[in-house]
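Engineer: Sharing final23.cif, mmCIF, N, CA and C atoms:
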```cif
data_target
#
loop_
_atom_site.label_atom_id
_atom_site.label_comp_id
_atom_site.auth_asym_id
_atom_site.auth_seq_id
_atom_site.Cartn_x
_atom_site.Cartn_y
_atom_site.Cartn_z
N MET A 1 122.07 36.04 -83.54
CA MET A 1 123.21 36.48 -82.77
C MET A 1 122.77 37.40 -81.63
N MET A 2 121.83 38.29 -81.92
CA MET A 2 121.35 39.22 -80.91
C MET A 2 120.65 38.48 -79.78
N VAL A 3 119.98 37.41 -80.08
CA VAL A 3 119.27 36.62 -79.09
C VAL A 3 120.26 35.99 -78.13
N VAL A 4 121.38 35.53 -78.62
CA VAL A 4 122.40 34.91 -77.76
C VAL A 4 122.97 35.93 -76.77
N VAL A 5 123.21 37.14 -77.20
CA VAL A 5 123.75 38.19 -76.32
C VAL A 5 122.72 38.54 -75.25
N VAL A 6 121.47 38.66 -75.61
CA VAL A 6 120.41 38.98 -74.64
C VAL A 6 120.28 37.84 -73.64
N LEU A 7 120.29 36.59 -74.11
CA LEU A 7 120.19 35.45 -73.18
C LEU A 7 121.40 35.38 -72.26
N ALA A 8 122.58 35.66 -72.76
CA ALA A 8 123.78 35.67 -71.91
C ALA A 8 123.69 36.78 -70.87
N GLY A 9 123.21 37.95 -71.27
CA GLY A 9 123.02 39.06 -70.33
C GLY A 9 122.03 38.71 -69.24
N LEU A 10 120.92 38.07 -69.62
CA LEU A 10 119.92 37.66 -68.63
C LEU A 10 120.48 36.60 -67.69
N ALA A 11 121.30 35.71 -68.20
CA ALA A 11 121.91 34.68 -67.35
C ALA A 11 122.85 35.31 -66.33
N VAL A 12 123.66 36.25 -66.78
CA VAL A 12 124.58 36.94 -65.86
C VAL A 12 123.79 37.73 -64.83
N LEU A 13 122.76 38.44 -65.26
CA LEU A 13 121.93 39.22 -64.34
C LEU A 13 121.25 38.30 -63.32
N GLY A 14 120.75 37.17 -63.75
CA GLY A 14 120.13 36.20 -62.83
C GLY A 14 121.12 35.66 -61.83
N ALA A 15 122.33 35.38 -62.28
CA ALA A 15 123.36 34.87 -61.36
C ALA A 15 123.72 35.92 -60.32
N VAL A 16 123.82 37.17 -60.72
CA VAL A 16 124.13 38.26 -59.78
C VAL A 16 123.02 38.41 -58.75
N VAL A 17 121.77 38.35 -59.20
CA VAL A 17 120.64 38.46 -58.28
C VAL A 17 120.64 37.29 -57.31
N ALA A 18 120.89 36.08 -57.79
CA ALA A 18 120.90 34.89 -56.92
C ALA A 18 122.01 35.01 -55.88
N LEU A 19 123.17 35.45 -56.28
CA LEU A 19 124.27 35.61 -55.33
C LEU A 19 123.98 36.72 -54.32
N ALA A 20 123.37 37.79 -54.77
CA ALA A 20 123.05 38.90 -53.87
C ALA A 20 122.01 38.50 -52.84
N MET A 21 121.16 37.55 -53.17
CA MET A 21 120.13 37.09 -52.24
C MET A 21 120.68 36.05 -51.26
N GLY A 22 121.92 35.68 -51.37
CA GLY A 22 122.51 34.77 -50.41
C GLY A 22 122.65 33.35 -50.90
N ARG A 23 122.25 33.09 -52.08
CA ARG A 23 122.40 31.74 -52.62
C ARG A 23 123.79 31.61 -53.21
N GLY A 24 124.36 30.49 -53.05
CA GLY A 24 125.69 30.27 -53.64
C GLY A 24 126.78 30.18 -52.58
N GLY A 25 126.43 30.15 -51.30
CA GLY A 25 127.44 29.99 -50.26
C GLY A 25 127.83 31.31 -49.62
N GLU A 26 128.71 31.22 -48.65
CA GLU A 26 129.17 32.40 -47.92
C GLU A 26 130.59 32.73 -48.32
N LEU A 27 130.95 33.95 -48.05
CA LEU A 27 132.32 34.36 -48.29
C LEU A 27 133.22 33.83 -47.17
N ALA A 28 134.45 33.65 -47.49
CA ALA A 28 135.41 33.20 -46.48
C ALA A 28 135.64 34.31 -45.45
N ALA A 29 135.98 33.91 -44.23
CA ALA A 29 136.27 34.88 -43.18
C ALA A 29 137.47 35.73 -43.60
N VAL A 30 137.34 37.01 -43.39
CA VAL A 30 138.39 37.94 -43.80
C VAL A 30 139.28 38.25 -42.60
N ARG A 31 140.56 38.10 -42.79
CA ARG A 31 141.50 38.48 -41.75
C ARG A 31 141.98 39.90 -42.03
N PRO A 32 142.26 40.66 -40.97
CA PRO A 32 142.73 42.03 -41.20
C PRO A 32 144.05 42.02 -41.95
N ASP A 33 144.19 42.98 -42.84
CA ASP A 33 145.41 43.05 -43.63
C ASP A 33 146.37 44.09 -43.08
N HIS A 34 146.26 44.36 -41.78
CA HIS A 34 147.16 45.31 -41.15
C HIS A 34 147.78 44.67 -39.91
N PRO A 35 148.91 45.16 -39.48
CA PRO A 35 149.53 44.60 -38.28
C PRO A 35 148.70 44.96 -37.04
N PRO A 36 148.87 44.21 -35.97
CA PRO A 36 148.12 44.53 -34.75
C PRO A 36 148.58 45.87 -34.18
N SER A 37 147.80 46.39 -33.27
CA SER A 37 148.12 47.66 -32.62
C SER A 37 149.47 47.56 -31.92
N PRO A 38 150.30 48.59 -32.02
CA PRO A 38 151.61 48.54 -31.36
C PRO A 38 151.54 48.78 -29.86
N LEU A 39 150.36 49.02 -29.30
CA LEU A 39 150.22 49.28 -27.87
C LEU A 39 150.03 47.95 -27.12
N PRO A 40 150.53 47.86 -25.88
CA PRO A 40 150.37 46.62 -25.12
C PRO A 40 148.91 46.41 -24.71
N ASP A 41 148.49 45.15 -24.71
CA ASP A 41 147.12 44.81 -24.35
C ASP A 41 146.98 44.43 -22.88
N ASP A 42 148.07 44.06 -22.23
CA ASP A 42 148.01 43.48 -20.89
C ASP A 42 148.22 44.49 -19.77
N ARG A 43 148.43 45.77 -20.09
CA ARG A 43 148.66 46.77 -19.07
C ARG A 43 148.33 48.15 -19.63
N PRO A 44 148.22 49.16 -18.75
CA PRO A 44 147.95 50.51 -19.25
C PRO A 44 149.12 51.04 -20.09
N VAL A 45 148.81 51.95 -20.96
CA VAL A 45 149.81 52.54 -21.85
C VAL A 45 150.60 53.58 -21.07
N MET A 46 151.90 53.59 -21.26
CA MET A 46 152.77 54.55 -20.60
C MET A 46 153.05 55.71 -21.56
N GLY A 47 153.45 56.84 -21.02
CA GLY A 47 153.68 58.03 -21.82
C GLY A 47 154.77 57.85 -22.86
N MET A 48 155.84 57.17 -22.52
CA MET A 48 156.94 56.98 -23.48
C MET A 48 156.51 56.10 -24.65
N GLU A 49 155.59 55.16 -24.39
CA GLU A 49 155.09 54.32 -25.49
C GLU A 49 154.32 55.15 -26.50
N VAL A 50 153.58 56.14 -26.02
CA VAL A 50 152.85 57.01 -26.93
C VAL A 50 153.83 57.92 -27.67
N ALA A 51 154.87 58.38 -26.96
CA ALA A 51 155.85 59.27 -27.60
C ALA A 51 156.59 58.56 -28.73
N TYR A 52 156.88 57.28 -28.55
CA TYR A 52 157.62 56.53 -29.56
C TYR A 52 156.71 55.74 -30.51
N LEU A 53 155.41 55.96 -30.43
CA LEU A 53 154.44 55.25 -31.26
C LEU A 53 154.61 55.63 -32.72
N ARG A 54 154.72 54.63 -33.56
CA ARG A 54 154.79 54.84 -35.01
C ARG A 54 153.71 53.97 -35.64
N LEU A 55 152.74 54.62 -36.23
CA LEU A 55 151.64 53.89 -36.86
C LEU A 55 152.04 53.44 -38.26
N PRO A 56 151.54 52.28 -38.69
CA PRO A 56 151.88 51.80 -40.03
C PRO A 56 151.26 52.67 -41.12
N HIS A 57 151.98 52.85 -42.19
CA HIS A 57 151.54 53.69 -43.31
C HIS A 57 150.92 52.83 -44.40
N SER A 58 150.03 53.45 -45.14
CA SER A 58 149.48 52.83 -46.35
C SER A 58 149.82 53.75 -47.53
N LEU A 59 149.24 53.49 -48.64
CA LEU A 59 149.54 54.25 -49.84
C LEU A 59 149.17 55.72 -49.72
N ILE A 60 148.08 56.01 -49.02
CA ILE A 60 147.62 57.40 -48.93
C ILE A 60 147.70 57.97 -47.51
N GLY A 61 148.45 57.38 -46.64
CA GLY A 61 148.60 57.89 -45.28
C GLY A 61 148.67 56.76 -44.29
N TYR A 62 148.21 57.03 -43.07
CA TYR A 62 148.19 55.99 -42.05
C TYR A 62 147.12 54.96 -42.35
N GLN A 63 147.34 53.73 -41.88
CA GLN A 63 146.31 52.70 -42.03
C GLN A 63 145.18 53.04 -41.07
N THR A 64 144.03 53.28 -41.62
CA THR A 64 142.90 53.79 -40.86
C THR A 64 142.50 52.87 -39.71
N ASP A 65 142.46 51.58 -39.95
CA ASP A 65 142.03 50.64 -38.92
C ASP A 65 142.94 50.70 -37.70
N VAL A 66 144.24 50.71 -37.94
CA VAL A 66 145.20 50.74 -36.82
C VAL A 66 145.13 52.08 -36.12
N ALA A 67 145.10 53.18 -36.88
CA ALA A 67 145.05 54.51 -36.27
C ALA A 67 143.78 54.68 -35.44
N ASP A 68 142.64 54.23 -35.96
CA ASP A 68 141.39 54.33 -35.21
C ASP A 68 141.45 53.51 -33.94
N GLU A 69 142.01 52.32 -34.00
CA GLU A 69 142.12 51.46 -32.82
C GLU A 69 143.00 52.12 -31.76
N VAL A 70 144.12 52.69 -32.18
CA VAL A 70 145.03 53.35 -31.23
C VAL A 70 144.36 54.57 -30.60
N VAL A 71 143.67 55.37 -31.39
CA VAL A 71 143.01 56.56 -30.85
C VAL A 71 141.90 56.16 -29.88
N ARG A 72 141.11 55.13 -30.22
CA ARG A 72 140.07 54.66 -29.29
C ARG A 72 140.68 54.17 -27.99
N ARG A 73 141.76 53.43 -28.08
CA ARG A 73 142.42 52.89 -26.88
C ARG A 73 142.96 54.03 -26.01
N LEU A 74 143.62 55.00 -26.62
CA LEU A 74 144.16 56.12 -25.85
C LEU A 74 143.03 56.94 -25.22
N ALA A 75 141.95 57.16 -25.94
CA ALA A 75 140.81 57.90 -25.39
C ALA A 75 140.21 57.17 -24.19
N ALA A 76 140.07 55.86 -24.30
CA ALA A 76 139.51 55.08 -23.19
C ALA A 76 140.42 55.14 -21.97
N GLU A 77 141.72 55.00 -22.18
CA GLU A 77 142.65 55.03 -21.05
C GLU A 77 142.72 56.41 -20.41
N LEU A 78 142.67 57.47 -21.23
CA LEU A 78 142.66 58.82 -20.66
C LEU A 78 141.40 59.06 -19.85
N SER A 79 140.27 58.57 -20.33
CA SER A 79 139.01 58.71 -19.59
C SER A 79 139.08 57.97 -18.26
N GLN A 80 139.63 56.76 -18.26
CA GLN A 80 139.77 56.00 -17.02
C GLN A 80 140.69 56.73 -16.04
N ARG A 81 141.79 57.27 -16.55
CA ARG A 81 142.71 58.00 -15.67
C ARG A 81 142.08 59.27 -15.14
N ASP A 82 141.32 59.98 -15.97
CA ASP A 82 140.63 61.19 -15.50
C ASP A 82 139.65 60.87 -14.39
N LEU A 83 138.89 59.77 -14.54
CA LEU A 83 137.95 59.37 -13.49
C LEU A 83 138.69 58.99 -12.22
N ARG A 84 139.80 58.28 -12.34
CA ARG A 84 140.57 57.89 -11.16
C ARG A 84 141.16 59.11 -10.46
N ILE A 85 141.69 60.06 -11.23
CA ILE A 85 142.24 61.28 -10.65
C ILE A 85 141.15 62.07 -9.94
N ALA A 86 139.98 62.20 -10.56
CA ALA A 86 138.87 62.92 -9.93
C ALA A 86 138.44 62.24 -8.63
N ASP A 87 138.39 60.91 -8.63
CA ASP A 87 138.03 60.17 -7.42
C ASP A 87 139.07 60.39 -6.32
N LEU A 88 140.33 60.30 -6.67
CA LEU A 88 141.39 60.49 -5.67
C LEU A 88 141.40 61.93 -5.14
N GLU A 89 141.19 62.92 -6.01
CA GLU A 89 141.14 64.31 -5.55
C GLU A 89 139.96 64.50 -4.60
N HIS A 90 138.83 63.88 -4.91
CA HIS A 90 137.66 63.97 -4.02
C HIS A 90 137.98 63.36 -2.66
N ARG A 91 138.63 62.22 -2.66
CA ARG A 91 138.99 61.58 -1.39
C ARG A 91 139.96 62.44 -0.59
N VAL A 92 140.93 63.05 -1.25
CA VAL A 92 141.89 63.91 -0.56
C VAL A 92 141.18 65.11 0.05
N ASN A 93 140.25 65.72 -0.69
CA ASN A 93 139.49 66.85 -0.17
C ASN A 93 138.66 66.45 1.04
N GLU A 94 138.05 65.26 0.99
CA GLU A 94 137.29 64.78 2.15
C GLU A 94 138.20 64.58 3.36
N LEU A 95 139.39 64.02 3.13
CA LEU A 95 140.32 63.82 4.24
C LEU A 95 140.78 65.15 4.82
N HIS A 96 141.04 66.14 3.98
CA HIS A 96 141.41 67.47 4.47
C HIS A 96 140.28 68.07 5.30
N HIS A 97 139.05 67.90 4.83
CA HIS A 97 137.89 68.42 5.55
C HIS A 97 137.77 67.74 6.93
N HIS A 98 137.90 66.42 6.95
CA HIS A 98 137.83 65.70 8.23
C HIS A 98 138.98 66.09 9.15
N LEU A 99 140.14 66.29 8.60
CA LEU A 99 141.29 66.70 9.41
C LEU A 99 141.04 68.07 10.03
N ARG A 100 140.51 69.01 9.25
CA ARG A 100 140.19 70.33 9.80
C ARG A 100 139.14 70.23 10.91
N GLU A 101 138.14 69.36 10.72
CA GLU A 101 137.12 69.17 11.76
C GLU A 101 137.74 68.61 13.03
N LEU A 102 138.65 67.63 12.88
CA LEU A 102 139.30 67.05 14.06
C LEU A 102 140.17 68.09 14.76
N GLU A 103 140.90 68.87 14.00
CA GLU A 103 141.75 69.91 14.62
C GLU A 103 140.90 70.95 15.33
N ALA A 104 139.77 71.32 14.73
CA ALA A 104 138.87 72.28 15.38
C ALA A 104 138.29 71.69 16.65
N GLY A 105 137.92 70.42 16.62
CA GLY A 105 137.38 69.76 17.81
C GLY A 105 138.42 69.65 18.92
N GLU A 106 139.67 69.35 18.56
CA GLU A 106 140.74 69.28 19.56
C GLU A 106 141.00 70.65 20.17
N GLN A 107 140.94 71.71 19.37
CA GLN A 107 141.15 73.06 19.88
C GLN A 107 140.05 73.43 20.86
N GLU A 108 138.81 73.08 20.52
CA GLU A 108 137.69 73.37 21.43
C GLU A 108 137.85 72.61 22.73
N SER A 109 138.29 71.35 22.67
CA SER A 109 138.45 70.57 23.91
C SER A 109 139.61 71.12 24.74
N ARG A 110 140.66 71.62 24.11
CA ARG A 110 141.75 72.25 24.86
C ARG A 110 141.27 73.52 25.55
N ASP A 111 140.43 74.27 24.84
CA ASP A 111 139.90 75.50 25.43
C ASP A 111 139.01 75.18 26.62
N LEU A 112 138.28 74.08 26.57
CA LEU A 112 137.41 73.71 27.68
C LEU A 112 138.19 73.12 28.84
N ASP A 113 139.34 72.51 28.62
CA ASP A 113 140.12 71.87 29.66
C ASP A 113 141.03 72.82 30.41
N VAL A 114 141.07 74.07 30.08
CA VAL A 114 141.95 75.03 30.76
C VAL A 114 141.43 75.21 32.18
N PRO A 115 142.27 74.92 33.18
CA PRO A 115 141.79 75.04 34.57
C PRO A 115 141.57 76.51 34.91
N GLU A 116 140.51 76.75 35.63
CA GLU A 116 140.22 78.10 36.08
C GLU A 116 141.03 78.38 37.34
N PRO A 117 141.42 79.61 37.55
CA PRO A 117 142.20 79.93 38.75
C PRO A 117 141.37 79.64 40.00
N GLU A 118 142.10 79.25 41.06
CA GLU A 118 141.41 78.93 42.31
C GLU A 118 140.79 80.20 42.85
N THR A 119 139.57 80.07 43.30
CA THR A 119 138.90 81.24 43.85
C THR A 119 139.01 81.18 45.36
N GLY A 120 139.63 82.10 45.88
CA GLY A 120 139.73 82.26 47.31
C GLY A 120 139.64 83.73 47.58
N GLU A 121 139.05 84.05 48.64
CA GLU A 121 138.91 85.46 48.91
C GLU A 121 140.23 85.97 49.42
N THR A 122 140.72 86.90 48.71
CA THR A 122 142.01 87.47 49.10
C THR A 122 141.85 88.93 49.35
N GLY A 123 142.75 89.42 50.12
CA GLY A 123 142.72 90.85 50.46
C GLY A 123 143.46 91.65 49.43
N PRO A 124 143.61 92.90 49.69
CA PRO A 124 144.24 93.77 48.72
C PRO A 124 145.69 93.44 48.48
N VAL A 125 146.36 92.81 49.39
CA VAL A 125 147.76 92.50 49.20
C VAL A 125 147.94 91.01 48.94
N GLY A 126 146.94 90.27 48.79
CA GLY A 126 147.07 88.86 48.52
C GLY A 126 146.84 88.01 49.74
N GLY A 127 146.50 88.61 50.83
CA GLY A 127 146.24 87.84 52.03
C GLY A 127 144.81 87.39 52.07
N VAL A 128 144.54 86.42 52.88
CA VAL A 128 143.21 85.87 52.99
C VAL A 128 142.43 86.74 53.99
N LEU A 129 141.22 86.99 53.73
CA LEU A 129 140.41 87.77 54.64
C LEU A 129 139.86 86.95 55.76
#
```
I need this file expressed as structure tokens, please.
Structural biologist:
Amino acid sequence: MMVVVVLAGLAVLGAVVALAMGRGGELAAVRPDHPPSPLPDDRPVMGMEVAYLRLPHSLIGYQTDVADEVVRRLAAELSQRDLRIADLEHRVNELHHHLRELEAGEQESRDLDVPEPETGETGPVGGVL
């Protein structure tokens, strides 16, 4: 009787080792068991969508896969917006700088274009000598 139990144990252990080494076929493709992200995929996320966002719950809290996906998406979009804002602010500062240079150049040209009074020799009362 003891021999049968030992042989059965060895058979089970051998089967486990064979399966662990990849023999016996592959597992079926696993589909996610959570709903897709509630955020739109075809456009940037709007503020009201985030305000009204409700993540799906599981037994012990939020579904981790969905929550992680939403947080990654929001972080990526915030980073893109921060870069765009920084680029636009840089462009505005450059335009302000160029505008100041143009205004300074126009002021200098106005100062140079001021006609000088006619020089004529005049006497003490304004008469010509």
Engineer: Check segment 7-126 of chain A with DSSP on the backbone and list each residue it calls helix (DSSP H, G or I), as a PyMOL selection string.
Structural biologist: chain A and resi 7-20+47-51+64-112
Engineer: Which residues would end up in the selection if the PyMOL selection byres (((chain A and resi 57-68 and name CA) around 8) and name CA) were applied here, given that I need the answer as a ChimeraX atom specification?
Structural biologist: /A:34-37,55-56,69-72
Engineer: Which of segment 1-123 of chain A end up as strand (DSSP E) when DSSP is run on this backbone - answer as a list in words?
Structural biologist: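 Written out, the strand (DSSP E) residues of segment 1-123 of chain A are His57, Ser58, Gly61 and Tyr62 of chain A.
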Engineer: What is the atom N of Met46 of chain A to atom CA of Asp82 of chain A distance in Å?
Structural biologist: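 Going from atom N of Met46 of chain A over to atom CA of Asp82 of chain A covers 14.8 Å.
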Engineer: Calculate how many Å separate atom CA of Glu103 of chain A from atom CA of Arg84 of chain A, rounding to one decimal.
Structural biologist: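 So the answer is 28.5 Å.
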Engineer: By how many Å are atom CA of Arg73 of chain A and atom C of Pro44 of chain A apart?
Structural biologist: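 Between atom CA of Arg73 of chain A and atom C of Pro44 of chain A the gap works out to 9.7 Å.
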